[in-house]
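Down below is the structure, laid out as C-alpha cells.
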Amino acid sequence: MSDVPNLAVSRRALLVAGAASAVVAAGPADAAEERAPMSDSPPEIPVSLEVNGKQHALLLDTRTTLLDTLREHLHLTGTKKGCDHGQCGACTVIVNGVRINSCLSLAVQHNGDQVTTIEGLGTPDRLHPMQAAFVKHDGYQCGYCTPGQICSAVAVLDEIKRGVPSHVQADLAARPHVTNMELRERMSGNICRCGAYSNIAEAIAEVAGAQA
Ligand code: FES
Ligand code: FES
C-alpha cells in the first residue's frame, strides 16, 4: 500500500488541530478586548526641545524617536536616517554638547534638552569650520553620511578637549591627543558607504590643527 493517502490524512488532521488551537488561543484575548476596549489613538505627551537655538513645544506619540521628531515634525531633514538601528551614524546630532545617534533615542527622553543638528552648525554663507574643511578636502561623495560625519567630528574634537578617553589610549587617565588613530577610532561609528574616509580624516585633522 502507498504512503500517499496516510500523508494526506495526517496533513488534514494537522490543519484541523491547528485551527482548533488558534480558536482556543483567540478566546481569552477576545474576552479581554470586550472588558477593556483599546483606544485608537496612541498615547501622546508634550515635549519641549531647543533645536538649533529655537524653542519648540511639541505633542508627540511617546514612541517617536528624536530622529523622526527632527525630520518629520520639525522638517529638519539634514539629519539622515540610514539604518534606523544605531549602526551607521547617519543620524548623529549633538544633544547638550554630546553626540548621540538620534534613531536610538526617544524624543520624550530629551524634554528640555538642547539639540544641534547640521542645520544649526553653519549656513551656506557662513559654514562651520568643519563644514568648510569637508568641502575643501572633498570629504564626501554621495553626501548621505556627511551631516552625521560633520556633527560627530565637531563633537569628537570637543570630547578630546574635555579629556574623554577612547579605546586606543594606552593610559586611560592621560589626556588624549589628536592623533590619526584617535580620530579614526572616535569616528568609527560613522559609516561611509562611499568610502570617503581618508578625505574625512584629513578634514578633521585640519580643523583639529587649527584649534590646537
Ligand atoms: Fe541612526 Fe543609522 S540611522 S545609526
Ligand atoms: Fe556617500 Fe558617505 S559620502 S555614504
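The way I read the labels, and the way they are meant: chains A, B, ... in the order of the C-alpha cells, residue 1 as the first residue of every chain, and ligand 1 as the first ligand shown, with later ones counted on from there.
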May I have a table of the residues of chain A lying at most 10 Å from ligand 1, giving each one's closest pair of atoms and their distance in Å to one decimal, counting only C-alpha atoms and all ligand atoms, ordered by chain and ascending residue number, as CSV?
residue,atom,partner,partner_atom_place_in_ligand_line,distance
A:Leu67,CA,ligand 1,1 (Fe),7.8
A:Thr79,CA,ligand 1,3 (S),8.9
A:Lys80,CA,ligand 1,3 (S),6.5
A:Lys81,CA,ligand 1,3 (S),4.1
A:Gly82,CA,ligand 1,3 (S),4.0
A:Cys83,CA,ligand 1,2 (Fe),3.9
A:Asp84,CA,ligand 1,3 (S),3.8
A:His85,CA,ligand 1,4 (S),5.5
A:Gly86,CA,ligand 1,4 (S),3.3
A:Gln87,CA,ligand 1,4 (S),4.4
A:Cys88,CA,ligand 1,2 (Fe),3.8
A:Gly89,CA,ligand 1,4 (S),4.0
A:Ala90,CA,ligand 1,3 (S),5.1
A:Cys91,CA,ligand 1,1 (Fe),4.4
A:Thr92,CA,ligand 1,1 (Fe),6.8
A:Val93,CA,ligand 1,1 (Fe),9.8
A:Ile100,CA,ligand 1,1 (Fe),8.8
A:Asn101,CA,ligand 1,1 (Fe),5.1
A:Ser102,CA,ligand 1,1 (Fe),5.9
A:Cys103,CA,ligand 1,1 (Fe),4.3
A:Leu104,CA,ligand 1,1 (Fe),6.5
A:Ser105,CA,ligand 1,1 (Fe),9.3
A:Cys145,CA,ligand 1,2 (Fe),9.3
A:Gly148,CA,ligand 1,1 (Fe),9.1
A:Gly189,CA,ligand 1,4 (S),8.0
A:Asn190,CA,ligand 1,4 (S),7.9
A:Ile191,CA,ligand 1,2 (Fe),8.6
May I have the selected residues written with N, CA, C and O atoms, as an mmCIF file, in the first residue's frame?
data_model
loop_
_atom_site.group_PDB
_atom_site.id
_atom_site.type_symbol
_atom_site.label_atom_id
_atom_site.label_comp_id
_atom_site.auth_asym_id
_atom_site.auth_seq_id
_atom_site.Cartn_x
_atom_site.Cartn_y
_atom_site.Cartn_z
ATOM 1 N N LEU A 67 15.129 61.250 16.041
ATOM 2 C CA LEU A 67 15.370 61.382 14.601
ATOM 3 C C LEU A 67 14.081 61.713 13.852
ATOM 4 O O LEU A 67 14.039 62.657 13.045
ATOM 5 N N THR A 79 19.467 65.856 9.033
ATOM 6 C CA THR A 79 19.818 64.656 9.790
ATOM 7 C C THR A 79 19.231 63.449 9.053
ATOM 8 O O THR A 79 18.035 63.416 8.776
ATOM 9 N N LYS A 80 20.087 62.495 8.732
ATOM 10 C CA LYS A 80 19.665 61.395 7.853
ATOM 11 C C LYS A 80 19.318 60.114 8.602
ATOM 12 O O LYS A 80 19.893 59.825 9.644
ATOM 13 N N LYS A 81 18.388 59.363 8.003
ATOM 14 C CA LYS A 81 18.063 58.028 8.509
ATOM 15 C C LYS A 81 18.748 57.015 7.596
ATOM 16 O O LYS A 81 18.393 56.891 6.425
ATOM 17 N N GLY A 82 19.754 56.338 8.142
ATOM 18 C CA GLY A 82 20.453 55.322 7.354
ATOM 19 C C GLY A 82 19.906 53.958 7.704
ATOM 20 O O GLY A 82 19.107 53.366 6.980
ATOM 21 N N CYS A 83 20.345 53.441 8.869
ATOM 22 C CA CYS A 83 19.932 52.089 9.272
ATOM 23 C C CYS A 83 18.732 52.102 10.211
ATOM 24 O O CYS A 83 17.998 51.131 10.287
ATOM 25 N N ASP A 84 18.555 53.198 10.965
ATOM 26 C CA ASP A 84 17.498 53.289 11.998
ATOM 27 C C ASP A 84 17.725 52.271 13.113
ATOM 28 O O ASP A 84 16.796 51.916 13.818
ATOM 29 N N HIS A 85 18.944 51.785 13.243
ATOM 30 C CA HIS A 85 19.254 50.769 14.262
ATOM 31 C C HIS A 85 20.551 51.064 15.014
ATOM 32 O O HIS A 85 21.154 50.148 15.584
ATOM 33 N N GLY A 86 21.041 52.287 14.960
ATOM 34 C CA GLY A 86 22.255 52.605 15.712
ATOM 35 C C GLY A 86 23.530 52.026 15.138
ATOM 36 O O GLY A 86 24.515 51.860 15.861
ATOM 37 N N GLN A 87 23.536 51.731 13.840
ATOM 38 C CA GLN A 87 24.718 51.072 13.286
ATOM 39 C C GLN A 87 25.519 51.919 12.303
ATOM 40 O O GLN A 87 26.637 51.553 11.962
ATOM 41 N N CYS A 88 24.956 53.033 11.824
ATOM 42 C CA CYS A 88 25.649 53.748 10.741
ATOM 43 C C CYS A 88 26.097 55.161 11.098
ATOM 44 O O CYS A 88 26.994 55.704 10.464
ATOM 45 N N GLY A 89 25.469 55.792 12.056
ATOM 46 C CA GLY A 89 25.872 57.148 12.466
ATOM 47 C C GLY A 89 25.304 58.263 11.607
ATOM 48 O O GLY A 89 25.571 59.437 11.871
ATOM 49 N N ALA A 90 24.510 57.934 10.588
ATOM 50 C CA ALA A 90 23.971 58.981 9.702
ATOM 51 C C ALA A 90 23.064 59.962 10.457
ATOM 52 O O ALA A 90 22.891 61.099 10.048
ATOM 53 N N CYS A 91 22.507 59.506 11.562
ATOM 54 C CA CYS A 91 21.535 60.306 12.324
ATOM 55 C C CYS A 91 22.176 61.078 13.467
ATOM 56 O O CYS A 91 21.460 61.594 14.331
ATOM 57 N N THR A 92 23.513 61.159 13.494
ATOM 58 C CA THR A 92 24.198 61.794 14.628
ATOM 59 C C THR A 92 23.816 63.263 14.782
ATOM 60 O O THR A 92 23.866 64.032 13.821
ATOM 61 N N VAL A 93 23.434 63.630 15.994
ATOM 62 C CA VAL A 93 23.205 65.039 16.354
ATOM 63 C C VAL A 93 23.895 65.272 17.693
ATOM 64 O O VAL A 93 24.336 64.330 18.353
ATOM 65 N N ILE A 100 25.008 61.939 19.829
ATOM 66 C CA ILE A 100 24.223 60.710 20.018
ATOM 67 C C ILE A 100 23.654 60.269 18.666
ATOM 68 O O ILE A 100 23.559 61.070 17.727
ATOM 69 N N ASN A 101 23.261 59.002 18.614
ATOM 70 C CA ASN A 101 22.517 58.506 17.456
ATOM 71 C C ASN A 101 21.040 58.809 17.718
ATOM 72 O O ASN A 101 20.420 58.193 18.588
ATOM 73 N N SER A 102 20.483 59.736 16.961
ATOM 74 C CA SER A 102 19.111 60.166 17.271
ATOM 75 C C SER A 102 18.071 59.098 16.952
ATOM 76 O O SER A 102 16.942 59.172 17.425
ATOM 77 N N CYS A 103 18.454 58.069 16.183
ATOM 78 C CA CYS A 103 17.487 56.993 15.891
ATOM 79 C C CYS A 103 17.293 56.073 17.087
ATOM 80 O O CYS A 103 16.331 55.327 17.145
ATOM 81 N N LEU A 104 18.228 56.104 18.028
ATOM 82 C CA LEU A 104 18.161 55.194 19.179
ATOM 83 C C LEU A 104 17.561 55.858 20.405
ATOM 84 O O LEU A 104 17.563 55.285 21.482
ATOM 85 N N SER A 105 17.091 57.081 20.254
ATOM 86 C CA SER A 105 16.671 57.859 21.404
ATOM 87 C C SER A 105 15.236 58.336 21.197
ATOM 88 O O SER A 105 14.908 58.872 20.135
ATOM 89 N N CYS A 145 26.005 60.399 4.297
ATOM 90 C CA CYS A 145 26.519 60.252 5.662
ATOM 91 C C CYS A 145 27.076 61.550 6.212
ATOM 92 O O CYS A 145 27.391 61.646 7.395
ATOM 93 N N GLY A 148 25.932 63.541 9.489
ATOM 94 C CA GLY A 148 26.303 62.771 10.690
ATOM 95 C C GLY A 148 27.805 62.816 10.922
ATOM 96 O O GLY A 148 28.262 62.940 12.054
ATOM 97 N N GLY A 189 32.123 55.023 14.471
ATOM 98 C CA GLY A 189 30.678 54.762 14.451
ATOM 99 C C GLY A 189 29.962 55.443 13.300
ATOM 100 O O GLY A 189 28.744 55.284 13.139
ATOM 101 N N ASN A 190 30.700 56.206 12.512
ATOM 102 C CA ASN A 190 30.097 56.883 11.349
ATOM 103 C C ASN A 190 30.566 56.193 10.080
ATOM 104 O O ASN A 190 31.717 56.343 9.657
ATOM 105 N N ILE A 191 29.652 55.455 9.493
ATOM 106 C CA ILE A 191 29.991 54.650 8.311
ATOM 107 C C ILE A 191 29.764 55.467 7.040
ATOM 108 O O ILE A 191 28.772 56.198 6.928
#
Give me the residues within 9 Å of A:Ile45 as a tab-separated table (two decimals) with N, CA and C atoms, in the first residue's frame, counting only C-alpha atoms and dropping any in the same chain fewer than 2 places off.
chain	number	residue	atom	x	y	z
A	43	PRO	N	-0.74	57.00	22.76
A	43	PRO	CA	-0.53	57.96	23.84
A	43	PRO	C	0.40	59.10	23.39
A	47	VAL	N	6.35	67.60	24.70
A	47	VAL	CA	7.81	67.57	24.75
A	47	VAL	C	8.33	68.93	24.32
A	58	LEU	N	6.11	70.53	21.46
A	58	LEU	CA	5.52	69.51	20.59
A	58	LEU	C	4.62	68.58	21.39
A	59	LEU	N	3.66	67.99	20.71
A	59	LEU	CA	2.84	66.94	21.31
A	59	LEU	C	3.15	65.67	20.51
A	60	LEU	N	3.81	64.72	21.15
A	60	LEU	CA	4.33	63.59	20.39
A	60	LEU	C	3.84	62.24	20.90
A	61	ASP	N	3.61	61.34	19.98
A	61	ASP	CA	3.43	59.92	20.31
A	61	ASP	C	4.67	59.51	21.11
A	62	THR	N	4.46	58.86	22.23
A	62	THR	CA	5.61	58.54	23.10
A	62	THR	C	6.65	57.64	22.42
A	108	VAL	N	10.87	61.84	23.97
A	108	VAL	CA	10.44	62.14	25.34
A	108	VAL	C	11.60	62.09	26.34
**Asked** Using the chain letters and numbers from this document, which residues of chain A does DSSP assign to strand (DSSP E), as number ranges by chain?
**Response** A: 44-51, 54-61, 92-95, 98-101, 114-116
Those same residues - C-alpha atoms - I'd like them written as a short mmCIF file (atom, residue, chain, number, x, y, z; two decimals), in the first residue's frame.
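Contents of the output file selection-v6.cif:
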data_model
loop_
_atom_site.label_atom_id
_atom_site.label_comp_id
_atom_site.auth_asym_id
_atom_site.auth_seq_id
_atom_site.Cartn_x
_atom_site.Cartn_y
_atom_site.Cartn_z
CA GLU A 44 0.86 61.48 23.29
CA ILE A 45 2.91 63.63 25.62
CA PRO A 46 4.09 67.27 25.49
CA VAL A 47 7.81 67.57 24.75
CA SER A 48 9.83 70.76 24.80
CA LEU A 49 13.04 70.88 22.76
CA GLU A 50 15.50 73.63 21.93
CA VAL A 51 16.74 72.84 18.45
CA LYS A 54 14.93 77.73 18.69
CA GLN A 55 12.38 76.56 21.25
CA HIS A 56 9.76 74.02 20.15
CA ALA A 57 6.70 72.80 22.09
CA LEU A 58 5.52 69.51 20.59
CA LEU A 59 2.84 66.94 21.31
CA LEU A 60 4.33 63.59 20.39
CA ASP A 61 3.43 59.92 20.31
CA THR A 92 24.20 61.79 14.63
CA VAL A 93 23.21 65.04 16.35
CA ILE A 94 24.65 66.89 19.33
CA VAL A 95 22.50 66.93 22.49
CA VAL A 98 27.36 65.29 23.41
CA ARG A 99 26.89 63.39 20.13
CA ILE A 100 24.22 60.71 20.02
CA ASN A 101 22.52 58.51 17.46
CA GLN A 114 19.38 71.48 23.61
CA VAL A 115 19.81 69.79 20.24
CA THR A 116 22.19 70.87 17.48
#
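Near ligand 2, at a distance of at most 9 Å and with only C-alpha atoms and all ligand atoms counted, sit the residues Ala90, Gly139, Tyr140, Gln141, Cys142, Gly143, Tyr144, Cys145, Thr146, Gln149, Asn190, Ile191, Cys192, Arg193, Cys194, Gly195, Ala196 and Tyr197 of chain A.
The two atoms in question, atom CA of A:Ala153 and atom CA of A:Leu183, are spaced 8.4 Å apart.
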**Prompt:** With only C-alpha atoms as the basis for distance, which of A:Leu127, A:Ala107, A:Ala173, A:Ala133 is at the shortest distance from A:Ala203?
**Reply:** A:Ala133
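Each of A:Leu121, A:Val207, A:Val135, A:Val168 was checked against A:Met181 using only C-alpha atoms; the smallest atom-to-atom distance is that of A:Val168.
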**Message:** Please determine, counting only C-alpha atoms, which residue among A:Ser152, A:Asp113, A:Val178, A:Leu106 has the shortest atom-to-atom distance to A:Asp68.
**Reply:** A:Leu106
**Request:** Could you find all residues in stretch 71-166 of chain A that DSSP calls alpha helix (DSSP H) from the backbone, and write them as JSON, numbers by chain?
**Result:** {"A": [118, 119, 120, 121, 129, 130, 131, 132, 133, 134, 135, 136, 146, 147, 148, 149, 150, 151, 152, 153, 154, 155, 156, 157, 158, 159, 160, 161]}
Output for the residues just chosen: N, CA and C atoms as a PDB file, in the first residue's frame:
ATOM      1  N   ILE A 118      22.857  69.475  11.869  1.00  0.00           N
ATOM      2  CA  ILE A 118      23.743  70.045  10.843  1.00  0.00           C
ATOM      3  C   ILE A 118      23.260  71.448  10.432  1.00  0.00           C
ATOM      4  N   GLU A 119      21.939  71.667  10.472  1.00  0.00           N
ATOM      5  CA  GLU A 119      21.404  72.978  10.086  1.00  0.00           C
ATOM      6  C   GLU A 119      21.814  74.060  11.079  1.00  0.00           C
ATOM      7  N   GLY A 120      22.130  73.643  12.314  1.00  0.00           N
ATOM      8  CA  GLY A 120      22.472  74.614  13.355  1.00  0.00           C
ATOM      9  C   GLY A 120      23.960  74.901  13.448  1.00  0.00           C
ATOM     10  N   LEU A 121      24.783  74.145  12.708  1.00  0.00           N
ATOM     11  CA  LEU A 121      26.232  74.365  12.792  1.00  0.00           C
ATOM     12  C   LEU A 121      26.682  75.543  11.953  1.00  0.00           C
ATOM     13  N   PRO A 129      33.607  75.793  10.504  1.00  0.00           N
ATOM     14  CA  PRO A 129      34.938  75.374  10.027  1.00  0.00           C
ATOM     15  C   PRO A 129      34.994  73.907   9.606  1.00  0.00           C
ATOM     16  N   MET A 130      34.235  73.047  10.292  1.00  0.00           N
ATOM     17  CA  MET A 130      34.259  71.621   9.916  1.00  0.00           C
ATOM     18  C   MET A 130      33.556  71.420   8.571  1.00  0.00           C
ATOM     19  N   GLN A 131      32.476  72.145   8.344  1.00  0.00           N
ATOM     20  CA  GLN A 131      31.790  72.043   7.047  1.00  0.00           C
ATOM     21  C   GLN A 131      32.729  72.527   5.939  1.00  0.00           C
ATOM     22  N   ALA A 132      33.415  73.657   6.199  1.00  0.00           N
ATOM     23  CA  ALA A 132      34.322  74.207   5.183  1.00  0.00           C
ATOM     24  C   ALA A 132      35.454  73.218   4.891  1.00  0.00           C
ATOM     25  N   ALA A 133      35.956  72.558   5.937  1.00  0.00           N
ATOM     26  CA  ALA A 133      37.060  71.607   5.743  1.00  0.00           C
ATOM     27  C   ALA A 133      36.595  70.391   4.940  1.00  0.00           C
ATOM     28  N   PHE A 134      35.384  69.929   5.176  1.00  0.00           N
ATOM     29  CA  PHE A 134      34.854  68.807   4.391  1.00  0.00           C
ATOM     30  C   PHE A 134      34.766  69.198   2.914  1.00  0.00           C
ATOM     31  N   VAL A 135      34.335  70.423   2.653  1.00  0.00           N
ATOM     32  CA  VAL A 135      34.259  70.880   1.255  1.00  0.00           C
ATOM     33  C   VAL A 135      35.664  70.936   0.661  1.00  0.00           C
ATOM     34  N   LYS A 136      36.577  71.554   1.406  1.00  0.00           N
ATOM     35  CA  LYS A 136      37.944  71.731   0.904  1.00  0.00           C
ATOM     36  C   LYS A 136      38.629  70.384   0.613  1.00  0.00           C
ATOM     37  N   THR A 146      27.231  62.559   5.337  1.00  0.00           N
ATOM     38  CA  THR A 146      28.008  63.756   5.685  1.00  0.00           C
ATOM     39  C   THR A 146      27.468  64.558   6.873  1.00  0.00           C
ATOM     40  N   PRO A 147      26.164  64.822   6.984  1.00  0.00           N
ATOM     41  CA  PRO A 147      25.707  65.568   8.164  1.00  0.00           C
ATOM     42  C   PRO A 147      26.081  64.863   9.471  1.00  0.00           C
ATOM     43  N   GLY A 148      25.932  63.541   9.489  1.00  0.00           N
ATOM     44  CA  GLY A 148      26.303  62.771  10.690  1.00  0.00           C
ATOM     45  C   GLY A 148      27.805  62.816  10.922  1.00  0.00           C
ATOM     46  N   GLN A 149      28.580  62.709   9.851  1.00  0.00           N
ATOM     47  CA  GLN A 149      30.047  62.753   9.982  1.00  0.00           C
ATOM     48  C   GLN A 149      30.467  64.096  10.571  1.00  0.00           C
ATOM     49  N   ILE A 150      29.879  65.174  10.061  1.00  0.00           N
ATOM     50  CA  ILE A 150      30.288  66.518  10.500  1.00  0.00           C
ATOM     51  C   ILE A 150      29.869  66.770  11.951  1.00  0.00           C
ATOM     52  N   CYS A 151      28.635  66.412  12.306  1.00  0.00           N
ATOM     53  CA  CYS A 151      28.201  66.587  13.708  1.00  0.00           C
ATOM     54  C   CYS A 151      29.100  65.768  14.625  1.00  0.00           C
ATOM     55  N   SER A 152      29.402  64.548  14.204  1.00  0.00           N
ATOM     56  CA  SER A 152      30.234  63.674  15.012  1.00  0.00           C
ATOM     57  C   SER A 152      31.638  64.269  15.160  1.00  0.00           C
ATOM     58  N   ALA A 153      32.196  64.759  14.049  1.00  0.00           N
ATOM     59  CA  ALA A 153      33.561  65.297  14.073  1.00  0.00           C
ATOM     60  C   ALA A 153      33.666  66.520  14.986  1.00  0.00           C
ATOM     61  N   VAL A 154      32.662  67.380  14.940  1.00  0.00           N
ATOM     62  CA  VAL A 154      32.662  68.565  15.805  1.00  0.00           C
ATOM     63  C   VAL A 154      32.667  68.119  17.272  1.00  0.00           C
ATOM     64  N   ALA A 155      31.828  67.132  17.586  1.00  0.00           N
ATOM     65  CA  ALA A 155      31.737  66.649  18.975  1.00  0.00           C
ATOM     66  C   ALA A 155      32.994  65.881  19.382  1.00  0.00           C
ATOM     67  N   VAL A 156      33.632  65.187  18.428  1.00  0.00           N
ATOM     68  CA  VAL A 156      34.861  64.438  18.733  1.00  0.00           C
ATOM     69  C   VAL A 156      35.957  65.387  19.207  1.00  0.00           C
ATOM     70  N   LEU A 157      36.147  66.492  18.502  1.00  0.00           N
ATOM     71  CA  LEU A 157      37.205  67.434  18.902  1.00  0.00           C
ATOM     72  C   LEU A 157      36.912  68.005  20.278  1.00  0.00           C
ATOM     73  N   ASP A 158      35.631  68.198  20.564  1.00  0.00           N
ATOM     74  CA  ASP A 158      35.249  68.688  21.883  1.00  0.00           C
ATOM     75  C   ASP A 158      35.522  67.622  22.956  1.00  0.00           C
ATOM     76  N   GLU A 159      35.228  66.357  22.615  1.00  0.00           N
ATOM     77  CA  GLU A 159      35.491  65.254  23.553  1.00  0.00           C
ATOM     78  C   GLU A 159      36.977  65.190  23.908  1.00  0.00           C
ATOM     79  N   ILE A 160      37.824  65.311  22.879  1.00  0.00           N
ATOM     80  CA  ILE A 160      39.277  65.233  23.113  1.00  0.00           C
ATOM     81  C   ILE A 160      39.708  66.401  24.000  1.00  0.00           C
ATOM     82  N   LYS A 161      39.149  67.585  23.726  1.00  0.00           N
ATOM     83  CA  LYS A 161      39.486  68.765  24.528  1.00  0.00           C
ATOM     84  C   LYS A 161      39.076  68.558  25.989  1.00  0.00           C
TER      85      LYS A 161
END
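The interatomic distance for the pair atom CA of A:Glu185 and atom CA of A:Gly209 works out to 17.7 Å.
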**Item:** Minimum-distance residue to A:Asp138, chosen among A:Ile200, A:His73, A:Arg186, A:Pro165 (using only C-alpha atoms)
**Value:** A:Ile200
